[in-house]
Protein chains: 2
Amino acid sequence: MRRMLVIGIGAGDPDQVTLQAVKTLNEVDVFFVIGKGEVKEDLVRLRREICERHIEGRDYRIVDVEDPERDRTAPDYPEAVEAWREARSRRVEQSMLDELGDAGTGAILVWGDPALYDGTIVLLDRIRARGAVEFEYEVIPGVSSVAALAARHRVPLNRVGGAIQLTTGRRLAAGFPAESDDVVVMLDSDCAFRHLDSDGLDIDIYWGAYVGTPDEILISGPLAEVGAEIEAARAVARRRKGWIMDTYLLKRR
Amino acid sequence: MRRMLVIGIGAGDPDQVTLQAVKTLNEVDVFFVIGKGEVKEDLVRLRREICERHIEGRDYRIVDVEDPERDRTAPDYPEAVEAWREARSRRVEQSMLDELGDAGTGAILVWGDPALYDGTIVLLDRIRARGAVEFEYEVIPGVSSVAALAARHRVPLNRVGGAIQLTTGRRLAAGFPAESDDVVVMLDSDCAFRHLDSDGLDIDIYWGAYVGTPDEILISGPLAEVGAEIEAARAVARRRKGWIMDTYLLKRR
């Protein structure tokens, strides 16, 4: 039976892979690298480095799967997204059929933890449901970008007995959550914290970009004081590298 | 300068430690094991195994720090908890002074990730604030019990663009969160999901105990159908081993 592995490789620091991930990397015949449209050469290079560093005495191949073009002009946006996901899953499916023998082991490497704001599990479920290629799959958990961020700031996510909300930039822009004083924001391409009334809310922010890599930037403090500094640092870093991976934690006092 | 390390060692599977954690374990002179009152021999044994397995050619010591008795009869509960925390931090402080030389490196090993429902960071901040023992400290992130649970069930925590709430059993007992359809429940000693109107809410549960260890139990399905099975399995396992480490994810359909 074909086998697929979804392997969490940590948030950026190559030493943040687990021993389980290293063992699993050494069982892989084919690594599928699914393109993000806009090429993130650095991220592809980091993945290759992880393979080179941790795989010993085993032949493996790295296969690129190009993402389909996304039709951003389509009037019905959810339908366009669904069509794009379907097309993408067919490309991965075809690649599995072409590249993986009947008993081969394939893998998809995921930054951070595969359960957190990543589409790979849903992608494989979709391919399995279609039934055109039979395979088993396993998920290897990883150190999440959230854990990496909190560790560098040496700050716990929760307060004693409290709840934590993990949310997106888009949702945060609509207001600070009511049910939690500790909020982790992912997928924020536009500094959604700008929309919060930070003076009124008395919020501390713990922000980090490229956490665990040589480019790491960490900024923390009262949002009202450091918000603008984070916006500026983010814009500069993004321009310089061409892409940014960042996350932040907001704590209401 | 004295140095302390807070090291996340994963959720139970000894292969779920990161390479960074292994490197860091090999810099430690003294491991402080802070007792939980009720002795969790198995957990102490697992920590010792992790040290024995991953530390090579280095002398290290393991020092037990007994937890103070907690006065559960005190009328002012928050004050009693504060007094207990203060007493506990003084014991750790004293142990650091006694056991760690001026330039020694100590460590506290934490199950899962140190930022998630663990008190070690706050404990060290408290000791540093008092100023009786000077030290630097670092946090090494780990694979959280939440990531380990989701991986074994092969289920993402969030839906596309959705929020996730991490909360406690006590809070869940007061009702299903309004701001998120995906809820992770920690620190639940009493199956708080029993209090939810599961028929009305149409919830799936993904439960796991001792995840990643040979005792692992996984149960999932519609809460209305498997809730009682989880309660029973949990009671049996807890009786047999004397303790239980479990977590679950609730997904509203």
# chains A, B, ... in the order shown; residues from 1 in each chain; ligands from 1
>>> calpha_fit_and_write(fixed="chain A", moving="chain B", output="mmCIF file with C-alpha atoms, in the first residue's frame")
data_model
loop_
_atom_site.group_PDB
_atom_site.id
_atom_site.type_symbol
_atom_site.label_atom_id
_atom_site.label_comp_id
_atom_site.auth_asym_id
_atom_site.auth_seq_id
_atom_site.Cartn_x
_atom_site.Cartn_y
_atom_site.Cartn_z
ATOM 1 C CA MET B 1 -0.027 0.025 0.015
ATOM 2 C CA ARG B 2 1.138 3.549 -0.749
ATOM 3 C CA ARG B 3 1.863 5.593 2.327
ATOM 4 C CA MET B 4 1.915 9.340 2.833
ATOM 5 C CA LEU B 5 3.473 11.198 5.743
ATOM 6 C CA VAL B 6 2.583 14.702 6.823
ATOM 7 C CA ILE B 7 5.609 15.811 8.799
ATOM 8 C CA GLY B 8 5.717 18.873 11.033
ATOM 9 C CA ILE B 9 9.242 20.278 10.808
ATOM 10 C CA GLY B 10 9.053 23.064 13.362
ATOM 11 C CA ALA B 11 8.744 26.782 12.933
ATOM 12 C CA GLY B 12 12.051 27.656 11.278
ATOM 13 C CA ASP B 13 14.920 26.530 13.499
ATOM 14 C CA PRO B 14 16.227 23.316 11.877
ATOM 15 C CA ASP B 15 16.990 21.924 15.357
ATOM 16 C CA GLN B 16 13.307 22.180 16.203
ATOM 17 C CA VAL B 17 12.490 18.979 14.338
ATOM 18 C CA THR B 18 11.710 16.046 16.602
ATOM 19 C CA LEU B 19 13.540 12.724 16.667
ATOM 20 C CA GLN B 20 10.293 11.196 15.416
ATOM 21 C CA ALA B 21 10.340 13.537 12.412
ATOM 22 C CA VAL B 22 13.981 12.666 11.674
ATOM 23 C CA LYS B 23 13.201 8.928 11.805
ATOM 24 C CA THR B 24 10.226 9.471 9.544
ATOM 25 C CA LEU B 25 12.193 11.588 7.043
ATOM 26 C CA ASN B 26 14.437 8.550 6.645
ATOM 27 C CA GLU B 27 11.514 6.407 5.455
ATOM 28 C CA VAL B 28 10.534 8.690 2.585
ATOM 29 C CA ASP B 29 10.999 7.934 -1.122
ATOM 30 C CA VAL B 30 9.438 11.092 -2.541
ATOM 31 C CA PHE B 31 8.975 14.541 -1.017
ATOM 32 C CA PHE B 32 6.163 16.493 -2.638
ATOM 33 C CA VAL B 33 6.729 20.237 -2.531
ATOM 34 C CA ILE B 34 3.479 21.979 -3.302
ATOM 35 C CA GLY B 35 4.050 25.423 -4.777
ATOM 36 C CA LYS B 36 2.395 28.472 -3.344
ATOM 37 C CA GLY B 37 1.953 30.360 -6.638
ATOM 38 C CA GLU B 38 4.317 33.120 -5.592
ATOM 39 C CA VAL B 39 7.554 31.197 -5.296
ATOM 40 C CA LYS B 40 8.986 31.131 -1.815
ATOM 41 C CA GLU B 41 12.477 30.067 -2.760
ATOM 42 C CA ASP B 42 13.834 30.506 0.742
ATOM 43 C CA LEU B 43 11.252 28.167 2.194
ATOM 44 C CA VAL B 44 11.911 25.533 -0.448
ATOM 45 C CA ARG B 45 15.629 25.867 0.241
ATOM 46 C CA LEU B 46 15.076 25.455 3.988
ATOM 47 C CA ARG B 47 13.088 22.262 3.330
ATOM 48 C CA ARG B 48 15.902 20.903 1.146
ATOM 49 C CA GLU B 49 18.395 21.709 3.885
ATOM 50 C CA ILE B 50 16.328 19.789 6.411
ATOM 51 C CA CYS B 51 16.334 16.744 4.101
ATOM 52 C CA GLU B 52 20.062 16.995 3.442
ATOM 53 C CA ARG B 53 20.878 17.425 7.085
ATOM 54 C CA HIS B 54 18.764 14.659 8.522
ATOM 55 C CA ILE B 55 18.540 11.933 5.869
ATOM 56 C CA GLU B 56 21.423 9.500 5.727
ATOM 57 C CA GLY B 57 22.176 6.688 3.314
ATOM 58 C CA ARG B 58 18.849 6.799 1.559
ATOM 59 C CA ASP B 59 17.879 7.850 -1.943
ATOM 60 C CA TYR B 60 14.979 10.202 -2.091
ATOM 61 C CA ARG B 61 13.490 12.483 -4.678
ATOM 62 C CA ILE B 62 11.964 15.922 -4.365
ATOM 63 C CA VAL B 63 9.030 16.513 -6.703
ATOM 64 C CA ASP B 64 7.519 19.928 -7.312
ATOM 65 C CA VAL B 65 3.767 20.180 -7.670
ATOM 66 C CA GLU B 66 2.813 23.508 -9.202
ATOM 67 C CA ASP B 67 -0.249 25.179 -7.755
ATOM 68 C CA PRO B 68 -2.987 25.915 -10.293
ATOM 69 C CA GLU B 69 -3.690 29.549 -11.104
ATOM 70 C CA ARG B 70 -6.325 31.019 -8.856
ATOM 71 C CA ASP B 71 -9.130 32.888 -10.573
ATOM 72 C CA ARG B 72 -9.399 35.979 -8.428
ATOM 73 C CA THR B 73 -11.779 37.699 -10.837
ATOM 74 C CA ALA B 74 -14.529 35.086 -10.420
ATOM 75 C CA PRO B 75 -17.716 36.666 -9.099
ATOM 76 C CA ASP B 76 -18.598 33.744 -6.794
ATOM 77 C CA TYR B 77 -15.578 33.734 -4.501
ATOM 78 C CA PRO B 78 -16.259 30.611 -2.350
ATOM 79 C CA GLU B 79 -16.990 28.617 -5.501
ATOM 80 C CA ALA B 80 -13.730 29.809 -7.075
ATOM 81 C CA VAL B 81 -11.805 28.781 -3.963
ATOM 82 C CA GLU B 82 -13.470 25.358 -4.037
ATOM 83 C CA ALA B 83 -12.629 24.936 -7.743
ATOM 84 C CA TRP B 84 -9.019 25.882 -7.013
ATOM 85 C CA ARG B 85 -8.758 23.404 -4.125
ATOM 86 C CA GLU B 86 -10.220 20.655 -6.276
ATOM 87 C CA ALA B 87 -7.767 21.407 -9.108
ATOM 88 C CA ARG B 88 -4.887 21.500 -6.664
ATOM 89 C CA SER B 89 -5.806 18.173 -5.079
ATOM 90 C CA ARG B 90 -5.999 16.603 -8.555
ATOM 91 C CA ARG B 91 -2.474 17.769 -9.291
ATOM 92 C CA VAL B 92 -1.169 16.233 -6.067
ATOM 93 C CA GLU B 93 -3.152 13.052 -6.779
ATOM 94 C CA GLN B 94 -1.667 12.822 -10.275
ATOM 95 C CA SER B 95 1.798 13.407 -8.905
ATOM 96 C CA MET B 96 1.307 10.608 -6.363
ATOM 97 C CA LEU B 97 0.214 8.275 -9.154
ATOM 98 C CA ASP B 98 3.162 9.271 -11.363
ATOM 99 C CA GLU B 99 5.910 9.341 -8.792
ATOM 100 C CA LEU B 100 4.995 6.892 -6.070
ATOM 101 C CA GLY B 101 5.117 3.145 -6.735
ATOM 102 C CA ASP B 102 2.409 0.844 -5.347
ATOM 103 C CA ALA B 103 4.296 0.502 -2.089
ATOM 104 C CA GLY B 104 6.134 3.831 -2.070
ATOM 105 C CA THR B 105 6.262 6.318 0.776
ATOM 106 C CA GLY B 106 5.638 9.984 0.041
ATOM 107 C CA ALA B 107 5.808 12.970 2.356
ATOM 108 C CA ILE B 108 4.707 16.553 2.608
ATOM 109 C CA LEU B 109 6.748 18.714 4.981
ATOM 110 C CA VAL B 110 4.788 21.300 6.916
ATOM 111 C CA TRP B 111 6.140 24.330 8.776
ATOM 112 C CA GLY B 112 5.121 24.371 12.413
ATOM 113 C CA ASP B 113 2.445 21.872 13.331
ATOM 114 C CA PRO B 114 0.235 20.262 10.644
ATOM 115 C CA ALA B 115 -2.930 20.714 12.747
ATOM 116 C CA LEU B 116 -2.625 24.494 12.969
ATOM 117 C CA TYR B 117 -3.683 26.671 10.031
ATOM 118 C CA ASP B 118 -2.335 24.295 7.414
ATOM 119 C CA GLY B 119 -4.322 22.621 4.644
ATOM 120 C CA THR B 120 -2.381 19.385 4.126
ATOM 121 C CA ILE B 121 -4.587 17.063 6.204
ATOM 122 C CA VAL B 122 -7.719 18.330 4.454
ATOM 123 C CA LEU B 123 -5.968 17.986 1.083
ATOM 124 C CA LEU B 124 -5.113 14.325 1.714
ATOM 125 C CA ASP B 125 -8.614 13.579 3.021
ATOM 126 C CA ARG B 126 -9.997 15.043 -0.185
ATOM 127 C CA ILE B 127 -7.749 12.850 -2.336
ATOM 128 C CA ARG B 128 -8.601 9.753 -0.299
ATOM 129 C CA ALA B 129 -12.326 10.473 -0.560
ATOM 130 C CA ARG B 130 -12.078 10.556 -4.368
ATOM 131 C CA GLY B 131 -10.586 7.067 -4.332
ATOM 132 C CA ALA B 132 -8.456 7.367 -7.487
ATOM 133 C CA VAL B 133 -5.285 6.627 -5.530
ATOM 134 C CA GLU B 134 -5.317 4.393 -2.482
ATOM 135 C CA PHE B 135 -3.020 5.222 0.398
ATOM 136 C CA GLU B 136 -2.640 5.287 4.152
ATOM 137 C CA TYR B 137 -1.347 8.368 5.842
ATOM 138 C CA GLU B 138 0.165 9.467 9.137
ATOM 139 C CA VAL B 139 0.667 12.868 10.760
ATOM 140 C CA ILE B 140 3.849 13.667 12.679
ATOM 141 C CA PRO B 141 3.221 16.606 15.009
ATOM 142 C CA GLY B 142 5.664 19.503 15.154
ATOM 143 C CA VAL B 143 6.629 22.475 17.290
ATOM 144 C CA SER B 144 4.128 25.139 16.243
ATOM 145 C CA SER B 145 5.032 28.704 15.340
ATOM 146 C CA VAL B 146 2.957 29.693 18.368
ATOM 147 C CA ALA B 147 5.076 27.580 20.747
ATOM 148 C CA ALA B 148 8.267 28.928 19.151
ATOM 149 C CA LEU B 149 7.067 32.529 19.519
ATOM 150 C CA ALA B 150 6.020 32.128 23.154
ATOM 151 C CA ALA B 151 9.324 30.412 24.012
ATOM 152 C CA ARG B 152 11.411 33.239 22.547
ATOM 153 C CA HIS B 153 9.376 35.811 24.485
ATOM 154 C CA ARG B 154 9.352 33.525 27.555
ATOM 155 C CA VAL B 155 5.684 34.149 28.054
ATOM 156 C CA PRO B 156 2.920 31.607 28.753
ATOM 157 C CA LEU B 157 -0.024 31.681 26.359
ATOM 158 C CA ASN B 158 -2.673 31.376 29.039
ATOM 159 C CA ARG B 159 -3.280 32.723 32.487
ATOM 160 C CA VAL B 160 -4.174 30.374 35.342
ATOM 161 C CA GLY B 161 -7.516 28.798 34.493
ATOM 162 C CA GLY B 162 -7.963 31.108 31.496
ATOM 163 C CA ALA B 163 -8.909 30.477 27.877
ATOM 164 C CA ILE B 164 -6.800 31.230 24.806
ATOM 165 C CA GLN B 165 -8.146 32.148 21.415
ATOM 166 C CA LEU B 166 -6.214 31.389 18.250
ATOM 167 C CA THR B 167 -7.579 33.470 15.447
ATOM 168 C CA THR B 168 -6.794 35.119 12.123
ATOM 169 C CA GLY B 169 -5.916 38.705 11.224
ATOM 170 C CA ARG B 170 -9.211 39.057 9.399
ATOM 171 C CA ARG B 171 -11.200 38.056 12.466
ATOM 172 C CA LEU B 172 -9.171 40.240 14.800
ATOM 173 C CA ALA B 173 -9.860 43.245 12.602
ATOM 174 C CA ALA B 174 -13.527 42.833 13.593
ATOM 175 C CA GLY B 175 -12.680 43.307 17.285
ATOM 176 C CA PHE B 176 -10.852 41.814 20.255
ATOM 177 C CA PRO B 177 -12.406 38.473 21.289
ATOM 178 C CA ALA B 178 -14.809 38.664 24.210
ATOM 179 C CA GLU B 179 -14.185 35.181 25.596
ATOM 180 C CA SER B 180 -10.437 35.344 26.113
ATOM 181 C CA ASP B 181 -7.869 37.865 27.318
ATOM 182 C CA ASP B 182 -5.054 35.949 25.595
ATOM 183 C CA VAL B 183 -5.203 35.891 21.818
ATOM 184 C CA VAL B 184 -2.812 34.396 19.265
ATOM 185 C CA VAL B 185 -3.099 35.870 15.777
ATOM 186 C CA MET B 186 -2.107 33.868 12.684
ATOM 187 C CA LEU B 187 -2.293 34.609 8.950
ATOM 188 C CA ASP B 188 -2.283 38.352 9.417
ATOM 189 C CA SER B 189 -0.929 40.036 6.307
ATOM 190 C CA ASP B 190 -2.067 43.496 7.259
ATOM 191 C CA CYS B 191 -1.307 44.221 10.937
ATOM 192 C CA ALA B 192 -4.932 43.808 12.032
ATOM 193 C CA PHE B 193 -3.962 44.987 15.528
ATOM 194 C CA ARG B 194 -4.048 48.508 14.056
ATOM 195 C CA HIS B 195 -7.831 48.329 14.137
ATOM 196 C CA LEU B 196 -8.003 47.715 17.875
ATOM 197 C CA ASP B 197 -8.597 50.575 20.217
ATOM 198 C CA SER B 198 -5.365 49.749 22.003
ATOM 199 C CA ASP B 199 -5.514 52.629 24.457
ATOM 200 C CA GLY B 200 -8.936 51.642 25.662
ATOM 201 C CA LEU B 201 -8.116 47.938 25.840
ATOM 202 C CA ASP B 202 -4.722 48.055 27.559
ATOM 203 C CA ILE B 203 -3.075 45.303 25.543
ATOM 204 C CA ASP B 204 0.457 43.932 25.494
ATOM 205 C CA ILE B 205 1.737 42.503 22.229
ATOM 206 C CA TYR B 206 4.450 39.865 21.712
ATOM 207 C CA TRP B 207 5.368 39.809 18.047
ATOM 208 C CA GLY B 208 7.909 37.713 16.173
ATOM 209 C CA ALA B 209 8.963 37.207 12.570
ATOM 210 C CA TYR B 210 11.157 34.416 11.120
ATOM 211 C CA VAL B 211 11.276 33.019 14.669
ATOM 212 C CA GLY B 212 14.130 30.576 15.224
ATOM 213 C CA THR B 213 16.011 31.590 12.063
ATOM 214 C CA PRO B 214 19.000 33.956 11.720
ATOM 215 C CA ASP B 215 16.557 36.666 10.522
ATOM 216 C CA GLU B 216 14.455 36.493 13.704
ATOM 217 C CA ILE B 217 12.903 39.776 14.870
ATOM 218 C CA LEU B 218 11.149 40.036 18.244
ATOM 219 C CA ILE B 219 9.276 43.085 19.501
ATOM 220 C CA SER B 220 7.091 43.264 22.603
ATOM 221 C CA GLY B 221 5.484 45.862 24.808
ATOM 222 C CA PRO B 222 2.253 47.789 25.266
ATOM 223 C CA LEU B 223 0.453 47.771 21.907
ATOM 224 C CA ALA B 224 -0.155 51.516 22.083
ATOM 225 C CA GLU B 225 3.611 52.058 22.322
ATOM 226 C CA VAL B 226 5.111 49.430 20.002
ATOM 227 C CA GLY B 227 2.342 48.874 17.432
ATOM 228 C CA ALA B 228 3.778 51.398 14.960
ATOM 229 C CA GLU B 229 7.288 50.023 15.450
ATOM 230 C CA ILE B 230 6.046 46.521 14.570
ATOM 231 C CA GLU B 231 4.265 47.800 11.457
ATOM 232 C CA ALA B 232 7.441 49.516 10.292
ATOM 233 C CA ALA B 233 9.737 46.582 11.102
ATOM 234 C CA ARG B 234 7.371 44.208 9.326
ATOM 235 C CA ALA B 235 7.238 46.352 6.170
ATOM 236 C CA VAL B 236 11.031 46.693 6.028
ATOM 237 C CA ALA B 237 11.653 42.981 6.589
ATOM 238 C CA ARG B 238 9.057 41.968 4.050
ATOM 239 C CA ARG B 239 10.539 44.251 1.419
ATOM 240 C CA ARG B 240 14.063 43.019 2.091
ATOM 241 C CA LYS B 241 13.310 39.272 2.002
ATOM 242 C CA GLY B 242 10.297 39.309 -0.301
ATOM 243 C CA TRP B 243 8.169 37.338 2.178
ATOM 244 C CA ILE B 244 7.463 37.245 5.869
ATOM 245 C CA MET B 245 6.350 34.607 8.394
ATOM 246 C CA ASP B 246 5.121 36.290 11.550
ATOM 247 C CA THR B 247 2.774 35.647 14.452
ATOM 248 C CA TYR B 248 1.823 37.516 17.569
ATOM 249 C CA LEU B 249 0.222 37.145 20.929
ATOM 250 C CA LEU B 250 -2.032 39.812 22.449
ATOM 251 C CA LYS B 251 -2.612 39.917 26.183
ATOM 252 C CA ARG B 252 -5.279 42.122 27.671
ATOM 253 C CA ARG B 253 -4.212 43.440 31.064
#
>>> select_by_dssp(residues="segment 24-226 of chain A", states="strand (DSSP E)", output="PyMOL selection string")
chain A and resi 30-34+61-65+105-110+135-140+164-168+182-186+203-209+217-222
>>> select_by_dssp(residues="segment 45-199 of chain B", states="helix (DSSP H, G or I)", output="MDAnalysis selection string")
chainID B and resid 45:54 77:99 120:130 145:153 169:173 192:195 198:199
